Amino acid sequence: MKHGRRVYIETFGCQMNERDSALMADLCQEAGYQPTAAMGEADLVIINTCSVRRKAEEKVYSLLGRLGQSKRRRPGLKVAVSGCVAQQEGAALCERMPHVDLVLGPQGIYRLPALLRELEAGGAPRVETALAADFRIPMLLPRSAGASPGHKAFVTIMQGCNNFCAYCVVPYTRGREISRPADDILAEIEHLCRHGVREVTLLGQNVNSYGKDGRQQVDFPRLLTLVAAVPGLARLRFTTSHPKDLSDDLVALFADLAVLCPHLHLPVQSGANRILARMNRRYTREAYLERVAALRQARPDVALTTDIIVGFPGESEADFQETMRLVEEVRFHGAFSFKYSDRPPARAAAMDDKVPAATQQDRLARLQASQAAITRERHAELVGQTIPVMADGPARQAGQWTGRTPTNLVVNFLAQGITPGTVLPVRVQEACAHSLRGVVFAAGT
């Protein structure tokens with residue numbers, strides 16, 4: 001049966017890439033491409049890339065290699081690459097992978113419909129990676145919202161980063177910080193909530209610095225207050241936060257805003273002041289711990305998660321032990337931990353005192369074992385408690401649903417006949433390594 005053109009999007013990396021992929025899916029519909037979940041059925045394949053970790057970049061090139069084989073069998077197949085690898089490599093990506101038709105940086109994705117029409121008309125491959133200092137994130141309401149956007153949504157409030165951490169390529173791939181107009185953000189969230197969205201996560205490389213580019217009249221705490229007042233919004237989250245910009249006003253909102261979930265992802269990266277300085281993080285171990293104490297005073301039930309890099313150039317065993325002690329002191333609910341890898345042109349790539357790979361692996365294993373034990377203990381603290389869980393959908397096990405607590409923990413529970421987005425009281429019966437198990441609580445049970 002003849003069908004219209006179809007697009008398949010493969011996404012690597014962070015929530016901002018997930019949001020960009022959803023945006024590109026909407027933009028592709030403007031050019032006549034409907035989404036498909038099967039890559040083999042697609043007339044257009046978009047790979048939305050991440051270059052923060054070397055492993056993610058390697059996966060991108062592996063997939064592009066396979067797509068080259070597919071294109072030899074189907075010459076009409078269009079291949080596009082977006083995201084950080086696209087921005088970083090630019091025209092060099094087309095030279096390495098000549099079957100690529102489009103290379104789109106973070107600002108280039110908004111031209112996707114016009115670029116696709118050019119390709120369909122026989123146009124040559126295009127590279128759109130210019131980063132304009134005066135760029136304004138366009139106001140694009142989700143096309144899918146007229147049908148059903150679901151009960152959760154990501155909303156970008158800014159892009160780019162001014163911090164230039166020594167290990168990170170984001171300032172080079174996404175440019176300097178650009179804050180989106182507050183009115184546009186509010187209009188999008190109001191639109192989403194009118195169409196059934198109940199939980200919104202605000203996205204940015206460093207949301208805490210929203211408004212500091214001088215373009216907006218409101219700062220991040222004020223923006224959160226305005227968003228929290230949108231009718232129909234039940235839960236509000238945000239990511240990612242830089243510890244140096246976690247102000248007292250922002251901390252206070254965890255106590256003052258009922259819809260603001262008691263969960264914060266606050267990357268520490270290292271527990272050693274010497275390494276934090278080399279990373280250009282611009283805070284100390286002591287300052288980080290002070291912010292943790294302030295958060296827990298404002299909201300005692302707040303769950304904290306973090307990012308940690310082990311084996312940063314020059315990291316000694318003593319430095320690593322400082323990180324281990326910080327993890328034990330803070331007792332994070334979860335942590336994303338990684339071995340350092342060079343990411344040119346980030347400054348650390350040129351440092352010559354690299355930590356051997358075997359040492360990195362040993363430290364990562366010890367850190368992850370310690371954090372896994374703490375996470376299990378954190379989960380066990382919740383057994384016997386009844387917690388409001390927002391249902392996301394059926395779980396893998398028949399008869400069960402899965403959802404998340406306000407602190408963003410996954411809970412699997414027995415239920416039937418409920419609607420995604422419904423908040424249910426769930427009594428926790430079992431703590432697992434990565435989730436909780438429970439039953440919907442009813443009076444008298």
# chains A, B, ... in the order shown; residues from 1 in each chain; ligands from 1
$ residues_around --residues "Gly334 in chain A" --least-positions-apart "5" --cutoff "8 Å" --atoms "only C-alpha atoms" --output "PyMOL selection string"
chain A and resi 304-306+371-372+375
$ write_last_selection --atoms "C-alpha atoms" --output "CSV table (one decimal), in the first residue's frame"
chain,number,residue,atom,x,y,z
A,304,LEU,CA,19.1,15.1,45.4
A,305,THR,CA,20.7,13.5,42.4
A,306,THR,CA,24.1,14.4,40.8
A,371,GLN,CA,26.3,4.9,45.5
A,372,ALA,CA,24.3,1.8,44.7
A,375,THR,CA,20.4,4.3,46.8
$ select_by_dssp --residues "range 128-241 of chain A" --states "strand (DSSP E)" --output "list in words"
Glu128, Lys152, Ala153, Phe154, Val155, Thr156, Met158, Gln159, Ile178, Ser179, Glu199, Val200, Thr201, Leu202, Leu203, Arg235, Leu236, Arg237, Phe238 and Thr239 of chain A
$ closest_residue --among "A:Gln397, A:Thr419, A:Ser241, A:Gln429" --to "Gly384 in chain A" --atoms "only C-alpha atoms"
A:Gln429
$ residues_around --residues "Arg6 in chain A" --least-positions-apart "5" --cutoff "9 Å" --atoms "only C-alpha atoms" --output "PyMOL selection string"
chain A and resi 28+32-36+41-45
$ select_by_dssp --residues "range 274-422 of chain A" --states "alpha helix (DSSP H)" --output "PyMOL selection string"
chain A and resi 274-278+285-298+317-330+357-380
$ residues_around --residues "Ser51 in chain A" --least-positions-apart "6" --cutoff "7 Å" --atoms "only C-alpha atoms" --output "ChimeraX atom specification"
/A:57,84-85
$ residues_around --residues "Pro231 in chain A" --least-positions-apart "2" --cutoff "10 Å" --atoms "only C-alpha atoms" --output "list in words"
Ile189, Glu190, Cys193, Arg194, Arg198, Val227, Ala228, Ala229, Leu233 and Ala234 of chain A
$ residues_around --residues "range 94-97 of chain A" --least-positions-apart "6" --cutoff "9 Å" --atoms "only C-alpha atoms" --output "CSV table (one decimal) with all heavy atoms, in the first residue's frame"
chain,number,residue,atom,x,y,z
A,61,TYR,N,28.4,7.5,15.0
A,61,TYR,CA,29.1,7.1,13.8
A,61,TYR,C,28.9,5.7,13.4
A,61,TYR,O,28.8,5.4,12.2
A,61,TYR,CB,30.6,7.4,13.9
A,61,TYR,CG,31.0,8.9,13.8
A,61,TYR,CD1,31.3,9.7,14.9
A,61,TYR,CD2,30.9,9.5,12.5
A,61,TYR,CE1,31.6,11.0,14.7
A,61,TYR,CE2,31.2,10.8,12.4
A,61,TYR,CZ,31.5,11.6,13.4
A,61,TYR,OH,31.8,12.9,13.3
A,64,LEU,N,25.5,5.9,11.7
A,64,LEU,CA,25.7,6.5,10.3
A,64,LEU,C,26.3,5.6,9.3
A,64,LEU,O,25.9,5.6,8.1
A,64,LEU,CB,26.5,7.8,10.5
A,64,LEU,CG,25.8,9.0,11.0
A,64,LEU,CD1,26.8,10.1,11.2
A,64,LEU,CD2,24.8,9.5,10.0
A,65,GLY,N,27.2,4.7,9.8
A,65,GLY,CA,27.8,3.7,8.9
A,65,GLY,C,26.8,2.8,8.4
A,65,GLY,O,26.8,2.4,7.2
A,68,GLY,N,24.6,4.4,5.8
A,68,GLY,CA,25.3,4.4,4.5
A,68,GLY,C,25.0,3.2,3.6
A,68,GLY,O,24.7,3.3,2.4
A,103,VAL,N,23.1,18.6,7.8
A,103,VAL,CA,23.8,18.7,9.1
A,103,VAL,C,23.3,19.9,9.8
A,103,VAL,O,23.4,21.1,9.3
A,103,VAL,CB,25.3,18.8,8.9
A,103,VAL,CG1,26.0,19.0,10.3
A,103,VAL,CG2,25.9,17.6,8.2
A,125,PRO,N,23.3,18.7,-0.6
A,125,PRO,CA,23.4,18.6,0.9
A,125,PRO,C,23.7,20.0,1.5
A,125,PRO,O,24.4,20.8,0.9
A,125,PRO,CB,24.5,17.6,1.1
A,125,PRO,CG,24.5,16.8,-0.1
A,125,PRO,CD,24.1,17.7,-1.2
A,127,VAL,N,24.7,22.3,5.2
A,127,VAL,CA,25.2,22.3,6.6
A,127,VAL,C,24.8,23.6,7.2
A,127,VAL,O,25.1,24.7,6.7
A,127,VAL,CB,26.8,22.3,6.6
A,127,VAL,CG1,27.3,22.4,8.0
A,127,VAL,CG2,27.2,21.0,5.9
$ residues_around --residues "Ile309 in chain A" --least-positions-apart "6" --cutoff "10 Å" --atoms "only C-alpha atoms" --output "ChimeraX atom specification"
/A:167,267-271,320,323,336-341,360,364
$ closest_residue --among "A:Thr129, A:Thr284, A:Thr402, A:Thr407" --to "His265 in chain A" --atoms "only C-alpha atoms"
A:Thr407
$ closest_residue --among "A:Ala433, A:Glu322, A:Phe312, A:Asn408" --to "Ala373 in chain A" --atoms "only C-alpha atoms"
A:Ala433
$ closest_residue --among "A:Pro406, A:Pro181, A:Gly13, A:Gly40" --to "Leu264 in chain A" --atoms "only C-alpha atoms"
A:Pro406
$ closest_residue --among "A:Val439, A:Leu250, A:Met158, A:Cys432" --to "Gly399 in chain A" --atoms "only C-alpha atoms"
A:Val439
$ closest_residue --among "A:Ala166, A:Val155, A:Ala335, A:Val440" --to "Gln368 in chain A" --atoms "only C-alpha atoms"
A:Ala335
